[in-house]
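One file, query_18.txt, carrying compact mmCIF, C-alpha atoms and all ligand atoms:
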```
# COMPACT_ATOMS: atom_id res chain seq x y z
CA MET A 1 -36.09 34.48 -30.15
CA LEU A 2 -32.97 34.28 -32.29
CA SER A 3 -32.50 36.93 -34.96
CA LEU A 4 -31.88 35.81 -38.55
CA GLY A 5 -28.37 37.30 -38.49
CA LEU A 6 -27.45 35.30 -35.41
CA LYS A 7 -28.88 32.11 -36.94
CA ILE A 8 -26.79 32.63 -40.11
CA THR A 9 -23.64 33.28 -38.07
CA MET A 10 -24.21 30.13 -36.05
CA GLY A 11 -24.85 28.20 -39.25
CA VAL A 12 -21.50 29.37 -40.61
CA ILE A 13 -19.76 28.38 -37.34
CA MET A 14 -21.37 24.91 -37.53
CA ALA A 15 -20.31 24.49 -41.17
CA ILE A 16 -16.72 25.35 -40.21
CA GLN A 17 -16.93 22.86 -37.33
CA LEU A 18 -18.19 20.13 -39.69
CA LEU A 19 -15.25 20.80 -42.00
CA ALA A 20 -12.86 20.62 -39.05
CA ILE A 21 -14.44 17.32 -37.90
CA GLY A 22 -13.96 15.87 -41.42
CA TYR A 23 -10.32 16.98 -41.53
CA ALA A 24 -9.60 15.74 -38.00
CA THR A 25 -11.16 12.34 -38.90
CA HIS A 26 -8.85 12.19 -41.92
CA LEU A 27 -5.83 13.00 -39.73
CA LEU A 28 -7.03 10.47 -37.17
CA ARG A 29 -6.68 7.69 -39.73
CA ARG A 30 -3.33 9.01 -40.97
CA THR A 31 -1.84 9.18 -37.47
CA LYS A 32 -3.12 5.71 -36.57
CA TYR A 33 -5.81 6.96 -34.19
CA SER A 34 -3.80 9.44 -32.17
CA VAL A 35 -5.58 10.56 -28.99
CA ILE A 36 -5.07 14.22 -29.92
CA TRP A 37 -7.33 13.99 -32.97
CA ILE A 38 -9.96 11.95 -31.08
CA LEU A 39 -10.08 14.74 -28.47
CA CYS A 40 -10.24 17.42 -31.17
CA ILE A 41 -13.20 15.61 -32.74
CA VAL A 42 -14.91 15.38 -29.31
CA CYS A 43 -14.39 19.17 -28.87
CA PHE A 44 -15.83 20.05 -32.28
CA VAL A 45 -18.76 17.61 -31.96
CA THR A 46 -19.62 18.96 -28.50
CA SER A 47 -19.50 22.55 -29.70
CA PHE A 48 -21.51 21.61 -32.82
CA ALA A 49 -24.18 19.93 -30.66
CA GLN A 50 -24.26 22.96 -28.37
CA HIS A 51 -24.94 25.28 -31.32
CA LEU A 52 -27.50 22.93 -32.85
CA ILE A 53 -29.47 22.65 -29.62
CA TYR A 54 -29.32 26.43 -29.25
CA ILE A 55 -30.75 27.00 -32.74
CA LEU A 56 -33.39 24.24 -32.46
CA SER A 57 -34.60 25.53 -29.08
CA ASN A 58 -34.68 29.08 -30.47
CA GLY A 59 -32.29 30.34 -27.81
CA VAL A 60 -34.21 28.83 -24.89
CA VAL A 61 -31.81 26.31 -23.41
CA ASP A 62 -31.38 24.71 -20.04
CA PHE A 63 -28.35 26.45 -18.49
CA ARG A 64 -27.18 23.18 -16.82
CA LEU A 65 -27.06 21.44 -20.19
CA PHE A 66 -24.84 24.21 -21.52
CA ILE A 67 -22.52 23.96 -18.54
CA THR A 68 -22.26 20.17 -19.09
CA PHE A 69 -21.27 20.77 -22.72
CA ASP A 70 -18.70 23.34 -21.62
CA LEU A 71 -17.29 20.92 -19.09
CA ILE A 72 -16.85 18.19 -21.72
CA LEU A 73 -15.32 20.69 -24.13
CA SER A 74 -12.83 22.13 -21.62
CA ALA A 75 -11.79 18.70 -20.32
CA ALA A 76 -11.23 17.39 -23.86
CA LEU A 77 -9.21 20.52 -24.76
CA ALA A 78 -7.06 20.28 -21.62
CA VAL A 79 -6.25 16.61 -22.25
CA ALA A 80 -5.53 17.39 -25.94
CA VAL A 81 -3.05 20.10 -24.91
CA PHE A 82 -1.37 17.62 -22.56
CA PHE A 83 -0.98 15.08 -25.37
CA ALA A 84 0.15 17.78 -27.83
CA ASN A 85 2.93 18.66 -25.41
CA LYS A 86 3.88 14.97 -25.28
CA LEU A 87 3.90 14.92 -29.07
CA VAL A 88 6.23 17.96 -29.26
CA ASN A 89 8.63 16.31 -26.80
CA TYR A 90 8.52 13.12 -28.82
CA ILE A 91 9.32 14.99 -32.06
CA ASN A 92 12.21 16.82 -30.36
CA ARG A 93 13.55 13.52 -29.10
CA LEU A 94 13.30 12.00 -32.58
CA ASN A 95 15.13 14.99 -34.12
CA TYR A 96 17.85 14.75 -31.50
CA GLN A 97 18.31 11.03 -32.17
CA ARG A 98 18.26 11.58 -35.93
CA ASN A 99 21.02 14.19 -35.62
CA LEU A 100 23.03 11.89 -33.43
CA LEU A 101 22.59 9.03 -35.89
CA SER A 102 23.58 11.10 -38.92
CA LYS A 103 26.68 12.34 -37.08
CA ARG A 104 27.63 8.77 -36.18
CA LEU A 105 27.05 7.70 -39.77
CA LEU A 106 29.19 10.54 -41.09
CA SER A 107 31.95 9.81 -38.64
CA THR A 108 31.88 6.07 -39.58
CA VAL A 109 32.06 6.93 -43.28
CA LEU A 110 35.01 9.28 -42.71
CA ARG A 111 36.77 6.76 -40.48
CA THR A 112 36.31 4.01 -43.09
CA GLU A 113 37.57 6.35 -45.79
CA GLU A 114 40.63 7.19 -43.69
CA ARG A 115 41.28 3.51 -42.97
CA SER A 116 41.15 2.55 -46.64
CA ARG A 117 43.39 5.50 -47.54
CA SER A 118 45.91 4.34 -44.97
CA GLN A 119 45.68 0.73 -46.21
CA PHE A 120 46.19 1.85 -49.81
CA ALA A 121 49.09 4.14 -48.84
CA LYS A 122 50.74 1.25 -46.99
CA GLU A 123 50.31 -1.13 -49.94
CA LEU A 124 51.70 1.47 -52.31
CA HIS A 125 54.65 2.34 -50.12
CA ASP A 126 55.56 -1.20 -49.09
CA GLY A 127 54.74 -2.79 -52.45
CA MET A 128 56.03 -0.35 -55.06
CA GLY A 129 58.84 1.17 -52.98
CA PRO A 130 61.03 -1.97 -52.69
CA LEU A 131 60.39 -2.92 -56.34
CA LEU A 132 61.55 0.48 -57.58
CA SER A 133 64.54 0.49 -55.22
CA SER A 134 65.68 -2.92 -56.45
CA ALA A 135 65.26 -1.75 -60.07
CA LYS A 136 67.47 1.23 -59.19
CA MET A 137 70.08 -1.06 -57.59
CA SER A 138 70.08 -3.34 -60.62
CA LEU A 139 70.67 -0.35 -62.89
CA SER A 140 73.52 0.82 -60.68
CA ALA A 141 75.16 -2.60 -61.08
CA ILE A 142 75.34 -2.22 -64.88
CA SER A 143 78.82 -1.33 -66.00
CA THR A 144 78.98 1.69 -68.29
CA GLU A 145 82.51 0.97 -69.56
CA ASN A 146 81.63 -0.55 -72.91
CA MET A 147 78.56 1.58 -73.51
CA SER A 148 78.16 4.11 -76.23
CA GLU A 149 77.35 7.69 -75.29
CA ARG A 150 73.76 7.17 -76.44
CA GLN A 151 73.36 4.05 -74.24
CA GLN A 152 74.82 5.93 -71.25
CA GLU A 153 72.35 8.72 -71.82
CA ILE A 154 69.46 6.22 -71.91
CA LEU A 155 70.72 4.63 -68.69
CA GLN A 156 70.99 8.03 -67.04
CA ASN A 157 67.43 8.88 -68.07
CA THR A 158 66.14 5.57 -66.76
CA ARG A 159 67.83 6.21 -63.39
CA PHE A 160 66.28 9.66 -63.29
CA VAL A 161 62.81 8.27 -64.09
CA ILE A 162 63.15 5.60 -61.38
CA ASP A 163 64.25 8.25 -58.83
CA GLU A 164 61.21 10.33 -59.78
CA ALA A 165 58.96 7.28 -59.47
CA ILE A 166 60.34 6.52 -55.97
CA ARG A 167 59.79 10.13 -54.93
CA SER A 168 56.25 10.15 -56.35
CA VAL A 169 55.31 6.90 -54.63
CA ARG A 170 56.56 8.33 -51.32
CA GLU A 171 54.69 11.57 -51.86
CA ILE A 172 51.43 9.94 -52.95
CA SER A 173 51.46 7.50 -50.04
CA ASN A 174 52.33 10.31 -47.66
CA ASN A 175 49.51 12.49 -48.97
CA MET A 176 47.05 9.64 -48.65
CA SER A 177 48.01 8.82 -45.09
CA PRO A 178 50.73 10.93 -43.53
CA GLN A 179 53.11 8.68 -41.61
CA VAL A 180 54.48 11.53 -39.48
CA LEU A 181 50.98 12.32 -38.27
CA MET A 182 50.42 8.70 -37.28
CA ASP A 183 53.83 8.34 -35.62
CA PHE A 184 54.48 11.72 -34.03
CA GLY A 185 51.07 13.39 -33.72
CA LEU A 186 49.25 16.45 -34.92
CA ALA A 187 51.79 19.21 -34.31
CA GLN A 188 54.59 17.33 -36.01
CA GLY A 189 52.30 16.25 -38.86
CA ILE A 190 51.31 19.86 -39.57
CA ARG A 191 54.91 21.07 -39.24
CA ASN A 192 56.00 18.42 -41.72
CA PHE A 193 53.23 19.33 -44.17
CA ILE A 194 54.14 23.03 -43.95
CA SER A 195 57.82 22.40 -44.59
CA ARG A 196 56.97 20.23 -47.62
CA ILE A 197 54.64 22.93 -48.95
CA LYS A 198 57.28 25.62 -48.41
CA SER A 199 59.77 23.65 -50.48
CA LEU A 200 57.28 23.38 -53.33
CA HIS A 201 55.89 26.95 -53.36
CA THR A 202 57.37 30.41 -53.34
CA ILE A 203 55.25 31.78 -50.51
CA GLU A 204 57.00 34.28 -48.20
CA GLU A 205 55.86 32.94 -44.86
CA ILE A 206 53.80 30.15 -43.36
CA SER A 207 53.92 30.44 -39.57
CA PHE A 208 52.77 27.72 -37.22
CA GLU A 209 52.33 28.30 -33.51
CA THR A 210 51.12 25.66 -31.08
CA ASN A 211 51.17 24.64 -27.44
CA ILE A 212 50.47 20.94 -28.00
CA HIS A 213 54.04 19.80 -28.84
CA ASP A 214 54.10 15.98 -28.51
CA ASP A 215 50.61 15.60 -27.03
CA ARG A 216 48.53 12.91 -28.68
CA PHE A 217 44.76 13.00 -29.17
CA ASP A 218 42.10 10.68 -30.46
CA ASN A 219 43.11 9.49 -33.94
CA ASP A 220 39.91 10.90 -35.51
CA ILE A 221 40.60 14.35 -34.06
CA GLU A 222 44.20 14.37 -35.27
CA VAL A 223 43.26 13.24 -38.77
CA VAL A 224 40.37 15.71 -39.08
CA LEU A 225 42.38 18.73 -37.90
CA TYR A 226 45.32 17.72 -40.09
CA ARG A 227 43.05 17.46 -43.14
CA VAL A 228 41.46 20.82 -42.29
CA VAL A 229 44.85 22.55 -42.11
CA CYS A 230 45.98 20.90 -45.37
CA GLU A 231 42.80 21.96 -47.20
CA LEU A 232 42.97 25.54 -45.90
CA ILE A 233 46.64 25.89 -46.85
CA ASN A 234 46.02 24.31 -50.26
CA ASN A 235 43.12 26.69 -50.83
CA SER A 236 45.20 29.73 -49.88
CA LEU A 237 47.97 28.69 -52.25
CA LYS A 238 45.58 27.74 -55.03
CA HIS A 239 43.12 30.62 -54.91
CA SER A 240 44.29 33.57 -52.82
CA HIS A 241 47.71 34.74 -54.13
CA CYS A 242 48.63 35.34 -50.50
CA THR A 243 52.15 36.02 -49.26
CA LYS A 244 51.54 35.09 -45.63
CA ILE A 245 49.69 32.30 -43.85
CA GLU A 246 49.29 31.99 -40.08
CA VAL A 247 48.27 28.75 -38.40
CA VAL A 248 47.71 28.70 -34.64
CA LEU A 249 46.69 25.51 -32.87
CA MET A 250 46.03 25.72 -29.14
CA LEU A 251 44.83 23.29 -26.52
CA LYS A 252 42.59 25.12 -24.05
CA ASN A 253 40.44 23.48 -21.39
CA ASN A 254 40.02 20.14 -23.16
CA SER A 255 39.40 21.83 -26.51
CA LEU A 256 41.60 22.14 -29.54
CA GLU A 257 41.27 25.54 -31.20
CA LEU A 258 42.59 26.16 -34.67
CA ARG A 259 42.96 29.72 -35.95
CA TYR A 260 43.89 30.17 -39.56
CA ARG A 261 44.49 33.31 -41.57
CA ASP A 262 45.85 34.26 -44.99
CA ASN A 263 46.45 37.72 -46.43
CA GLY A 264 45.22 36.86 -49.92
CA CYS A 265 42.45 38.17 -52.14
CA GLY A 266 39.64 36.69 -50.05
CA PHE A 267 36.32 35.57 -51.49
CA ASN A 268 32.61 36.03 -51.15
CA LEU A 269 31.33 33.18 -49.00
CA ASN A 270 27.79 33.57 -50.31
CA SER A 271 28.77 33.42 -53.94
CA SER A 272 27.05 30.69 -55.93
CA ALA A 273 30.25 30.29 -57.96
CA LEU A 274 31.96 28.37 -55.10
CA ALA A 275 31.92 24.98 -56.72
CA GLY A 276 34.57 22.88 -54.97
CA MET A 277 34.17 20.16 -52.38
CA GLY A 278 37.07 21.11 -50.10
CA LEU A 279 35.31 23.54 -47.76
CA SER A 280 32.15 21.46 -47.47
CA ASN A 281 34.24 18.35 -46.79
CA ILE A 282 36.12 19.94 -43.92
CA THR A 283 32.86 21.30 -42.51
CA SER A 284 31.39 17.77 -42.50
CA ARG A 285 34.56 16.35 -40.99
CA ILE A 286 34.44 18.82 -38.10
CA ASP A 287 30.72 18.30 -37.75
CA SER A 288 31.23 14.54 -37.40
CA LEU A 289 33.26 15.24 -34.24
CA ASN A 290 30.65 17.65 -32.84
CA GLY A 291 33.06 20.50 -33.45
CA ALA A 292 32.49 23.90 -34.99
CA LEU A 293 34.05 25.63 -37.96
CA SER A 294 33.54 29.23 -38.96
CA ILE A 295 35.03 30.92 -41.98
CA ASN A 296 35.23 34.66 -42.49
CA SER A 297 36.22 36.21 -45.75
CA SER A 298 35.33 38.99 -48.11
CA GLU A 299 36.85 40.09 -51.39
CA GLY A 300 40.16 41.90 -50.87
CA ASN A 301 40.41 41.07 -47.15
CA GLY A 302 42.02 37.66 -46.97
CA MET A 303 40.35 34.79 -45.18
CA GLU A 304 40.11 33.65 -41.58
CA ALA A 305 38.94 30.32 -40.23
CA PHE A 306 38.31 29.18 -36.70
CA ALA A 307 37.77 25.55 -35.75
CA HIS A 308 37.00 24.19 -32.34
CA ILE A 309 36.89 20.53 -31.29
CA ARG A 310 36.50 19.07 -27.83
CA THR A 311 39.21 16.53 -27.06
CA LYS A 312 37.02 14.76 -24.51
CA PRO A 313 33.46 13.81 -25.47
CA ASP A 314 30.74 16.12 -24.22
CA GLU A 315 28.90 14.78 -21.19
CA PRO A 316 25.19 15.26 -21.92
CA SER A 317 23.71 17.55 -19.29
CA PRO A 318 21.33 15.84 -16.83
CA LYS A 319 18.50 17.79 -18.45
CA THR A 320 19.40 16.56 -21.96
CA ARG A 321 19.88 13.01 -20.69
CA LYS A 322 16.51 13.13 -19.00
CA ARG A 323 14.82 14.60 -22.04
CA TYR A 324 16.39 12.66 -24.88
CA GLY A 325 18.20 9.72 -23.38
CA ARG A 326 15.19 7.65 -22.45
CA LYS A 327 14.90 4.06 -23.48
CA ARG A 328 13.40 3.27 -26.85
CA ASP A 329 10.21 1.72 -25.55
CA LYS A 330 9.39 4.94 -23.74
CA ASN A 331 9.57 6.88 -26.99
CA SER A 332 6.14 5.91 -28.16
CA ILE A 333 3.18 8.13 -27.69
CA SER A 334 -0.45 7.25 -27.67
N1 LIG A 401 41.81 31.16 -48.97
C1 LIG A 401 41.03 31.45 -50.02
N2 LIG A 401 41.21 32.63 -50.69
C2 LIG A 401 40.40 32.94 -51.75
N3 LIG A 401 39.42 32.14 -52.20
C3 LIG A 401 39.21 30.99 -51.59
C4 LIG A 401 40.00 30.57 -50.46
N4 LIG A 401 39.52 29.39 -50.04
C5 LIG A 401 38.51 29.06 -50.84
N5 LIG A 401 38.31 30.00 -51.79
C6 LIG A 401 37.25 30.05 -52.79
O1 LIG A 401 36.25 29.14 -52.38
C7 LIG A 401 36.02 28.16 -53.37
C8 LIG A 401 35.65 26.85 -52.74
O2 LIG A 401 36.77 26.26 -52.10
P1 LIG A 401 36.83 24.69 -52.00
O3 LIG A 401 38.05 24.32 -51.24
O4 LIG A 401 35.51 24.22 -51.49
O5 LIG A 401 36.93 24.22 -53.52
P2 LIG A 401 38.19 24.18 -54.47
O6 LIG A 401 39.43 24.46 -53.71
O7 LIG A 401 37.89 25.07 -55.64
O8 LIG A 401 38.17 22.68 -54.98
P3 LIG A 401 38.59 21.37 -54.17
O9 LIG A 401 38.93 21.78 -52.78
O10 LIG A 401 37.35 20.51 -54.22
O11 LIG A 401 39.73 20.79 -54.89
C9 LIG A 401 37.27 28.13 -54.21
O12 LIG A 401 37.01 27.71 -55.51
C10 LIG A 401 37.73 29.59 -54.16
O13 LIG A 401 37.05 30.34 -55.12
MG MG A 402 39.90 23.39 -51.92
```
Encoded form (structure tokens):
Amino acid sequence: MLSLGLKITMGVIMAIQLLAIGYATHLLRRTKYSVIWILCIVCFVTSFAQHLIYILSNGVVDFRLFITFDLILSAALAVAVFFANKLVNYINRLNYQRNLLSKRLLSTVLRTEERSRSQFAKELHDGMGPLLSSAKMSLSAISTENMSERQQEILQNTRFVIDEAIRSVREISNNMSPQVLMDFGLAQGIRNFISRIKSLHTIEEISFETNIHDDRFDNDIEVVLYRVVCELINNSLKHSHCTKIEVVLMLKNNSLELRYRDNGCGFNLNSSALAGMGLSNITSRIDSLNGALSINSSEGNGMEAFAHIRTKPDEPSPKTRKRYGRKRDKNSIS
């Protein structure tokens, strides 16, 4: 004989199971009849039937019937766990491929941006440069003998303006796509940028140490590291009031390591007031090459940055290849 308390408890259990069956049926439709939910429903229905029979027979049940129910329940659970494991692997694989895709997308966007910058810089340099130079030559050919002082002054001013325009065109096109970087590589590009910056600012020292000399790397790597150094130096000059900047670029075991430090005022990295795009842009650039960038700074303590990029693409480990590199058609689950 079943006590009333036991009957009520079993009733509650059966109500919960009915709810779970309803929810699993809903999920079954949403996941296009995934085996996992079918097995869950089988488990709940079996357990529900077990309880129902127990209540209806007032606790007098054939033991073999109970064992049969248990067998069905355990088998369904075991198979569900197997498929759940398959599902987790499938989700991991999808995440891995999504990350890969977004990195490829980012790198394509940055490469396209760099290509159009270089195209524009070339057009500007080769188009405007000769025009301004010939205007300057034409002005030089004008004789000043019969000119009044006022006219000579105007001519002088015009020459000055044209010289400025030539210098600006060169500088803009160089900023957009640095020719030295393209022609002589990363170390020379950075050296050239630093010497230009030194001539324009009154900073005490910008040191640059490297072991790469004339070595050349993949164009994307050179451009990204060059842009990172430029942004960090520009930031130090713009925000930090520093007197000293150290840039160290080393090639170690197929990796380029950039260490950067300034002795300025530093900043709080977690502050919500950091509104610019510079730091997030260089982070995305490095990310697009599967590299890493870490920045350390706190108010009053200057700032330090460390970037690391592999110069040869990472070989996926056999485990990763086995896990994530399967063909598309194998990615489906039942
Ligand atoms: N070396 C530094 N020293 C002190 N503060 C810095 C330094 N670098 C960055 N910051 C702070 O971090 C903020 C974000 O820098 P970020 O380069 O992203 O933007 P920005 O330089 O202000 O603008 P943008 O780079 O888009 O022209 C800066 O506004 C500045 O407050
Ligand atoms: Mg900036």
Contacts with ligand MG 402 (chain A) at most 9 Å, only C-alpha atoms and all ligand atoms counted, listed as a list in words: Glu231, Leu232, Ile233, Asn234, Asn235, Ser236, Lys238, His239, Gly276, Met277, Gly278 and Leu279 of chain A
Expected answer as an MDAnalysis selection string: residues within 12 Å of ligand LIG 401 (chain A), all atoms listed in the file: chainID A and resid 227:246 260:284 295:305
Closest contacts (segment 49-146 of chain A/segment 171-189 of chain A, max 8 Å, all atoms listed in the file) as a Markdown table:
```
| residue | atom | partner | partner_atom | distance |
| --- | --- | --- | --- | --- |
| A:Glu114 | CA | A:Ser177 | CA | 7.7 |
| A:Arg117 | CA | A:Met176 | CA | 5.6 |
| A:Ser118 | CA | A:Ser177 | CA | 4.9 |
| A:Phe120 | CA | A:Ser173 | CA | 7.7 |
| A:Ala121 | CA | A:Ser173 | CA | 4.3 |
| A:Lys122 | CA | A:Ser173 | CA | 7.0 |
| A:Leu124 | CA | A:Ser173 | CA | 6.4 |
| A:His125 | CA | A:Ser173 | CA | 6.1 |
```
Residues near segment 140-142 of chain A, cut-off 12 Å, all atoms listed in the file, skip fewer than 6 positions along chain, as a list in words: Ser133, Ser134, Gln151, Gln152, Leu155, Gln156, Thr158, Arg159, Phe160 and Ile162 of chain A
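Note that the spacing between atom CA of Asp215 of chain A and atom CA of Lys198 of chain A amounts to 24.5 Å.
Put simply, atom CA of Leu100 of chain A is 25.5 Å away from atom CA of Phe83 of chain A.
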Atomic distance atom CA of Val35 of chain A - atom CA of Ala49 of chain A, expressed in Å with one decimal: 20.9 Å
Close residues, Ile16 of chain A itself excluded, 10 Å, all atoms listed in the file, min 5 positions apart in chain, as a PyMOL selection string: chain A and resi 10-11+21-22+44+48
Written selection (C-alpha atoms) as a compact mmCIF listing (two decimals), keeping the file's coordinate frame:
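part.txt written:
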```txt
# COMPACT_ATOMS: atom_id res chain seq x y z
CA MET A 10 -24.21 30.13 -36.05
CA GLY A 11 -24.85 28.20 -39.25
CA ILE A 21 -14.44 17.32 -37.90
CA GLY A 22 -13.96 15.87 -41.42
CA PHE A 44 -15.83 20.05 -32.28
CA PHE A 48 -21.51 21.61 -32.82
```
